[in-house]
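Some notes on the structure that comes next.
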Amino acid sequence: MSLIFSATTLERCLEKASNELKVPKECLEYTIITQKNTFFKKKVEIEISEVNEKDNLISDKELSNKEQEAHKGIKVKDGEIIIENLDYESNETAIIHPCNGIKLLINGEECISKTAVTALDNIEVEYVTKESSRKIDITTSEDKMEAYITINYFPECSFELVDKLCCRELKLETKKKKVAYPPKYTYDEILIILRENNIVYGLLNDKIKEISEKQGVDRELIAQGDKVIEDIPDTVKVFFESDKKKTLKDENAKIDYRNMYSISNISSGEVLAEKIEGVQGKDGKNIFGNEIKKKTAKKINIKIGSGCKLEENKVISTIEGRPSCKSGVYSVNKTYELKDVDIKTGNVDFIGDVEISGSIKSGTQVKAGNSVTVRKNVEEATIIASGQVSISANVLNSKISAGANDIDKKKHLEILKQYDSIIESLISYTQQIKEKNVLGNNQSDGEIIKILIESKFKSIPRLSMLIVSFEKNNSSTDNDMINFIRKKIMGLGPIKIKKYSELYELKNMLINEIEILEEEIVIPVDVYMDYAQDSTIEASGSVFITGKGQYVSKITALNNIEFTQTGAVCRGGILHAKDEIKLKTIGSIAGVLTRVEVSKKGCITADIAYQNTVFCFGEKQITLDVASKNVKAYLGKDGMIVVDKFLL
């Protein structure tokens, strides 16, 4: 039987025949009986003469196999995982991959990685729902003056599986089904949380309200304390040059020590100084409500001495003279000028400044309430000045003392500090002996203290005598500290001590005396000279030797000793300074004994140092055994003297 099919193209004819006959196009045998291809009309007619049944049978089977194979595997439909057409007898498998948002269970066990499944496996899905949450974090600054807030909101969300066509390897995917944010922290809730964190002061309420309306914030400032406003202290503006202000320089840019001590004179009615009132500050408060106290600045009370008056915080000169300030006391001193001091003029004792254009001759003494200036030599004479001493030439076989009263007080202060330290050690040793019962139960505290003084603290009697003598010379013999030392420390006094704790009373009195004395000590004053020989020089400040140097003199400075001229020689004698001694050349080729002393924290330097020079640091000393250059001596960290040097 033949059938005729027509269409606009051959391909469409074959498709039409294939669909009606239910036979694949490849199985059709046909003949084209008509084919028209005009501009207006296209037509093709074919005649199906025979259908290849065998091929059709095979093709149907292949098609069926292909279709069946295409529908083998695993798929997702409407949120359900379905296994299709897997042959359980041959144990056919498909691969499944888990994903986020679900809990994949295969035969009741959770699957966390790709897994092969068969038609017999039971696959279940549990959907993960993330609950909404919110988090608030309060942090504070180190100084407790600022608080910061961080808020994060995490939404609730659920998931559903995305539909997937059947395949042999299924990669599961999810999509968010529902998103819901938690409620925002309210203004009141934030305040409660701040109170729970003890943050109660300096809250920025407007800022907190603004934050409560936002969908999260990161480290926003919400509280700020009041910072301390420190007092601005009183200041004094000085209108004259002090002893050390005027510093001239020579052509080589070296300090001109000869002119360093130039001082200006002022006329009557001139302003010496003016106090500028400070400004009172304000206490602060941190975010926890704790007050922070400001440091109270000391008020300056201007004190005036002779030659001036105080008007509305201004110090005004009432005479013509030389202004000065010592221990905060402003004064104007008249200047006593003379050519020479000798037997004809007699000794000089003047309350102000003394200027001598010539020399001070043998057997005379100059005593000044302030500075002394000598343009020429000082020969076998004595100068005692409360202020600076400046000698442009030589000091020969004489005694110079600058700030004499200050030197005594400073020495006494050092003794008191040493005494205080020893008393503290005495208390500690007594306590240890009693606790360990070293001397038995028959010894009283006083007897133990007496034994320790006689055996270990042998310097106590000598220091006690020095303290009592100083107080006696200063008409201070009737005070509690001196009475205690006399009655319970000196001689057989310790036996009268019933309890060693009585020594704490002495220690407190010593501390009080030290504090008072430190306040009374005047600003250090210096001595300047060109050369010294066979003389004794003392200064409460520093000693500057600006010329050739010194020979077999005893020089004491409570600050520094410095030789300023290149090639200056220090030969023989004893030099003692608290801080630093700067030398050019010390000693001689012949090995003249020369001793230089500083405190334990001091330092000694020399361009050249010859053998037999003794360096002392406190109680320790070392003698240089070979001539050296570029010498620097000091105490090392181990407490031993270190001498850095190069051989000469």
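Following the order of the structure tokens, first chain is A, next is B, and so on, with residues numbered from 1 inside each chain and ligands from 1 in the order they appear.
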Skip Asn290 (chain A) itself and residues of its chain fewer than 2 positions away, then list as a tab-separated table (two decimals) with N, CA and C atoms, in the first residue's frame all residues within 10 Å of it, counting only C-alpha atoms.
```tsv
chain	number	residue	atom	x	y	z
A	144	LYS	N	38.68	55.29	80.15
A	144	LYS	CA	37.33	55.23	80.69
A	144	LYS	C	36.55	56.52	80.45
A	200	VAL	N	27.01	55.32	83.18
A	200	VAL	CA	25.89	56.13	83.67
A	200	VAL	C	26.08	57.62	83.42
A	201	TYR	N	27.25	58.02	82.94
A	201	TYR	CA	27.51	59.46	82.80
A	201	TYR	C	27.95	59.78	81.38
A	225	GLY	N	32.81	61.11	78.72
A	225	GLY	CA	33.01	61.75	80.01
A	225	GLY	C	33.58	63.15	79.87
A	284	GLY	N	37.32	66.31	86.38
A	284	GLY	CA	36.64	65.57	85.33
A	284	GLY	C	35.77	64.46	85.90
A	285	LYS	N	35.06	63.78	85.02
A	285	LYS	CA	34.24	62.65	85.44
A	285	LYS	C	34.20	61.66	84.28
A	286	ASN	N	34.46	60.38	84.58
A	286	ASN	CA	34.45	59.39	83.51
A	286	ASN	C	33.05	58.83	83.29
A	287	ILE	N	32.90	57.95	82.30
A	287	ILE	CA	31.57	57.45	81.93
A	287	ILE	C	30.96	56.55	83.00
A	288	PHE	N	31.78	56.13	83.96
A	288	PHE	CA	31.27	55.32	85.07
A	288	PHE	C	30.83	56.19	86.24
A	292	ILE	N	37.38	62.52	88.53
A	292	ILE	CA	38.82	62.51	88.31
A	292	ILE	C	39.34	63.87	88.76
A	293	LYS	N	40.12	63.83	89.81
A	293	LYS	CA	40.59	65.08	90.40
A	293	LYS	C	41.71	65.69	89.55
```
- Item | Spatial neighbours of Thr9 (chain A), max dist 12 Å, only C-alpha atoms, sep filter under 4 positions, as a list in words | Phe5, Cys13, Leu14, Glu15, Lys16, Ile32, Thr34, Gln35, Lys36, Asn37, Lys41, Lys42, Lys43, Val44, Glu45 and Ile46 of chain A
Could those residues be written to a file, using C-alpha atoms, as an mmCIF file, in the first residue's frame?
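Final output, saved to out_3.cif:
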```cif
data_model
loop_
_atom_site.group_PDB
_atom_site.id
_atom_site.type_symbol
_atom_site.label_atom_id
_atom_site.label_comp_id
_atom_site.auth_asym_id
_atom_site.auth_seq_id
_atom_site.Cartn_x
_atom_site.Cartn_y
_atom_site.Cartn_z
ATOM 1 C CA PHE A 5 2.016 13.117 1.517
ATOM 2 C CA CYS A 13 6.719 15.760 3.972
ATOM 3 C CA LEU A 14 8.906 13.194 5.721
ATOM 4 C CA GLU A 15 8.026 14.556 9.145
ATOM 5 C CA LYS A 16 4.346 14.409 8.285
ATOM 6 C CA ILE A 32 9.058 12.286 -5.081
ATOM 7 C CA THR A 34 5.687 16.324 -7.582
ATOM 8 C CA GLN A 35 8.064 19.210 -6.810
ATOM 9 C CA LYS A 36 7.062 22.783 -7.610
ATOM 10 C CA ASN A 37 9.248 25.696 -6.714
ATOM 11 C CA LYS A 41 4.037 28.599 -4.556
ATOM 12 C CA LYS A 42 6.157 25.755 -3.253
ATOM 13 C CA LYS A 43 4.909 22.163 -3.153
ATOM 14 C CA VAL A 44 6.427 18.734 -2.743
ATOM 15 C CA GLU A 45 4.532 15.410 -2.979
ATOM 16 C CA ILE A 46 6.003 12.092 -2.030
#
```
Where does region 491-542 of chain A meet region 356-378 of chain A within 10 Å, residue by residue, with the nearest atom pair and distance in Å to one decimal for each, counting only C-alpha atoms, listed by chain and rising number, as a tab-separated table?
```
residue	atom	partner	partner_atom	distance
A:Val525	CA	A:Ser371	CA	9.3
A:Asp526	CA	A:Ser371	CA	9.9
A:Val527	CA	A:Val372	CA	9.7
A:Tyr528	CA	A:Thr373	CA	9.5
A:Met529	CA	A:Val374	CA	9.4
A:Asp530	CA	A:Asn377	CA	9.4
A:Tyr531	CA	A:Asn377	CA	9.5
A:Ala532	CA	A:Val378	CA	9.4
```
Residue selection dump (C-alpha atoms) as a PDB file, in the first residue's frame:
```pdb
ATOM      1  CA  VAL A 525      75.378  79.757  92.721  1.00  0.00           C
ATOM      2  CA  ASP A 526      78.613  79.338  90.800  1.00  0.00           C
ATOM      3  CA  VAL A 527      82.244  80.359  91.039  1.00  0.00           C
ATOM      4  CA  TYR A 528      84.222  81.515  88.002  1.00  0.00           C
ATOM      5  CA  MET A 529      87.997  81.969  88.104  1.00  0.00           C
ATOM      6  CA  ASP A 530      90.975  81.944  85.792  1.00  0.00           C
ATOM      7  CA  TYR A 531      93.468  80.012  87.936  1.00  0.00           C
ATOM      8  CA  ALA A 532      93.697  78.688  91.501  1.00  0.00           C
TER       9      ALA A 532
END
```
- Query: By how many Å are CA of Ile422 (chain A) and CA of Val598 (chain A) apart?
  - Reply: 20.9 Å
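Closest approach to Thr335 (chain A) from the set A:Leu517, A:Val395, A:Ile81, A:Ile351 is made by A:Ile351, with distances taken over only C-alpha atoms.
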- Task: Using backbone DSSP assignments, extract all strand (DSSP E or B) residues from region 151-237 of chain A; output them as a PyMOL selection string.
- Result: chain A and resi 151-154+156-161+164-167+169-171+174-180+203+217-224+226+229+232+235-237
Deliver the residues from the most recent selection as a file, using N, CA and C atoms, as a short mmCIF file (atom, residue, chain, number, x, y, z; two decimals), in the first residue's frame.
```
data_model
loop_
_atom_site.label_atom_id
_atom_site.label_comp_id
_atom_site.auth_asym_id
_atom_site.auth_seq_id
_atom_site.Cartn_x
_atom_site.Cartn_y
_atom_site.Cartn_z
N ILE A 151 26.06 47.20 67.02
CA ILE A 151 24.83 46.39 66.98
C ILE A 151 24.77 45.65 65.65
N ASN A 152 24.48 44.36 65.73
CA ASN A 152 24.29 43.53 64.53
C ASN A 152 22.95 42.80 64.63
N TYR A 153 22.17 42.82 63.53
CA TYR A 153 20.90 42.09 63.46
C TYR A 153 21.05 40.95 62.44
N PHE A 154 20.70 39.73 62.86
CA PHE A 154 20.79 38.55 61.99
C PHE A 154 19.37 38.04 61.72
N GLU A 156 15.92 35.87 60.49
CA GLU A 156 15.47 34.47 60.42
C GLU A 156 15.26 34.14 58.95
N CYS A 157 15.73 32.99 58.52
CA CYS A 157 15.52 32.60 57.12
C CYS A 157 15.37 31.08 57.02
N SER A 158 14.45 30.63 56.08
CA SER A 158 14.26 29.21 55.81
C SER A 158 14.58 28.97 54.34
N PHE A 159 14.81 27.70 53.99
CA PHE A 159 15.26 27.37 52.65
C PHE A 159 14.35 26.33 52.00
N GLU A 160 14.39 26.25 50.65
CA GLU A 160 13.70 25.19 49.92
C GLU A 160 14.59 24.74 48.77
N LEU A 161 14.41 23.46 48.39
CA LEU A 161 15.23 22.91 47.31
C LEU A 161 14.79 23.46 45.96
N LYS A 164 15.36 20.14 40.06
CA LYS A 164 16.45 19.74 39.16
C LYS A 164 15.95 18.59 38.29
N LEU A 165 16.33 18.59 37.00
CA LEU A 165 15.98 17.50 36.09
C LEU A 165 16.72 16.23 36.48
N CYS A 166 16.17 15.14 36.01
CA CYS A 166 16.75 13.84 36.33
C CYS A 166 18.15 13.73 35.72
N CYS A 167 19.10 13.28 36.53
CA CYS A 167 20.49 13.14 36.08
C CYS A 167 21.17 12.09 36.94
N GLU A 169 24.14 12.54 38.31
CA GLU A 169 24.88 13.20 39.40
C GLU A 169 24.17 14.50 39.73
N LEU A 170 23.55 14.50 40.89
CA LEU A 170 22.68 15.62 41.28
C LEU A 170 23.38 16.50 42.31
N LYS A 171 23.55 17.77 41.96
CA LYS A 171 24.09 18.76 42.90
C LYS A 171 22.93 19.59 43.43
N THR A 174 19.75 25.22 47.15
CA THR A 174 18.62 25.77 47.92
C THR A 174 18.48 27.25 47.62
N LYS A 175 17.32 27.74 47.89
CA LYS A 175 17.08 29.18 47.82
C LYS A 175 16.32 29.60 49.07
N LYS A 176 16.59 30.88 49.47
CA LYS A 176 15.92 31.38 50.66
C LYS A 176 14.43 31.52 50.41
N LYS A 177 13.71 31.02 51.36
CA LYS A 177 12.26 31.00 51.21
C LYS A 177 11.62 32.18 51.93
N LYS A 178 12.22 32.54 53.11
CA LYS A 178 11.59 33.56 53.92
C LYS A 178 12.67 34.27 54.74
N VAL A 179 12.63 35.60 54.83
CA VAL A 179 13.58 36.39 55.61
C VAL A 179 12.81 37.30 56.55
N ALA A 180 13.17 37.24 57.85
CA ALA A 180 12.49 38.10 58.84
C ALA A 180 13.51 38.57 59.86
N LEU A 203 26.03 60.26 78.71
CA LEU A 203 25.32 59.57 77.64
C LEU A 203 24.89 60.56 76.56
N VAL A 217 24.83 49.17 63.70
CA VAL A 217 25.87 50.21 63.70
C VAL A 217 27.20 49.56 64.07
N ASP A 218 28.29 50.22 63.73
CA ASP A 218 29.62 49.69 64.04
C ASP A 218 30.42 50.74 64.80
N ARG A 219 30.68 50.47 66.08
CA ARG A 219 31.53 51.29 66.95
C ARG A 219 31.15 52.77 66.89
N GLU A 220 29.93 53.03 67.27
CA GLU A 220 29.44 54.41 67.35
C GLU A 220 29.64 54.92 68.78
N LEU A 221 30.10 56.17 68.89
CA LEU A 221 30.28 56.79 70.20
C LEU A 221 28.93 57.10 70.82
N ILE A 222 28.69 56.61 72.07
CA ILE A 222 27.40 56.85 72.71
C ILE A 222 27.52 57.47 74.10
N ALA A 223 28.75 57.57 74.63
CA ALA A 223 28.94 58.20 75.93
C ALA A 223 30.32 58.82 75.97
N GLN A 224 30.39 59.99 76.57
CA GLN A 224 31.67 60.70 76.62
C GLN A 224 31.77 61.44 77.95
N ASP A 226 33.68 63.81 81.00
CA ASP A 226 34.27 65.15 81.03
C ASP A 226 35.74 65.03 81.36
N ILE A 229 40.30 69.38 83.26
CA ILE A 229 40.94 70.61 82.79
C ILE A 229 41.93 71.01 83.88
N ILE A 232 45.98 76.06 85.17
CA ILE A 232 47.11 76.76 84.56
C ILE A 232 47.82 77.47 85.70
N THR A 235 52.50 82.09 86.88
CA THR A 235 53.85 82.24 86.33
C THR A 235 54.38 83.62 86.69
N VAL A 236 55.68 83.71 86.69
CA VAL A 236 56.32 85.00 86.97
C VAL A 236 57.14 85.39 85.76
N LYS A 237 56.84 86.55 85.24
CA LYS A 237 57.61 87.08 84.12
C LYS A 237 58.69 87.99 84.69
#
```
- Extract, using only C-alpha atoms, all DNA, RNA and protein residues at most 7 Å from Pro182 (chain A), discarding same-chain residues fewer than 6 positions from it, and format them as number ranges by chain. A: 132-134, 153, 155
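Compared by their closest atoms to Lys496 (chain A), and using only C-alpha atoms, the residues A:Glu230, A:Asp534, A:Glu518, A:Asp445 rank with A:Asp445 nearest.
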- Message: Using only C-alpha atoms, which protein or nucleic acid residues come within 9 Å of region 450-466 of chain A? Drop anything in the same chain fewer than 3 positions from it, and give the result as a list in words.
- Response: His412, Ile415, Leu416, Gln418, Tyr419, Ile422, Ile423, Ser425, Leu426, Tyr429, Thr430, Asp445, Gly446, Glu447, Ser469, Phe470, Glu471, Ile482, Ile485, Arg486, Ile489, Met490, Gly491, Leu492, Gly493, Pro494 and Ile495 of chain A
- Message: For the structure I just gave you, how does DSSP split region 38-213 of chain A - specifically, which residues are alpha helix (DSSP H)? Reply as a PyMOL selection string.
- Response: chain A and resi 53-70+187-196+205-212
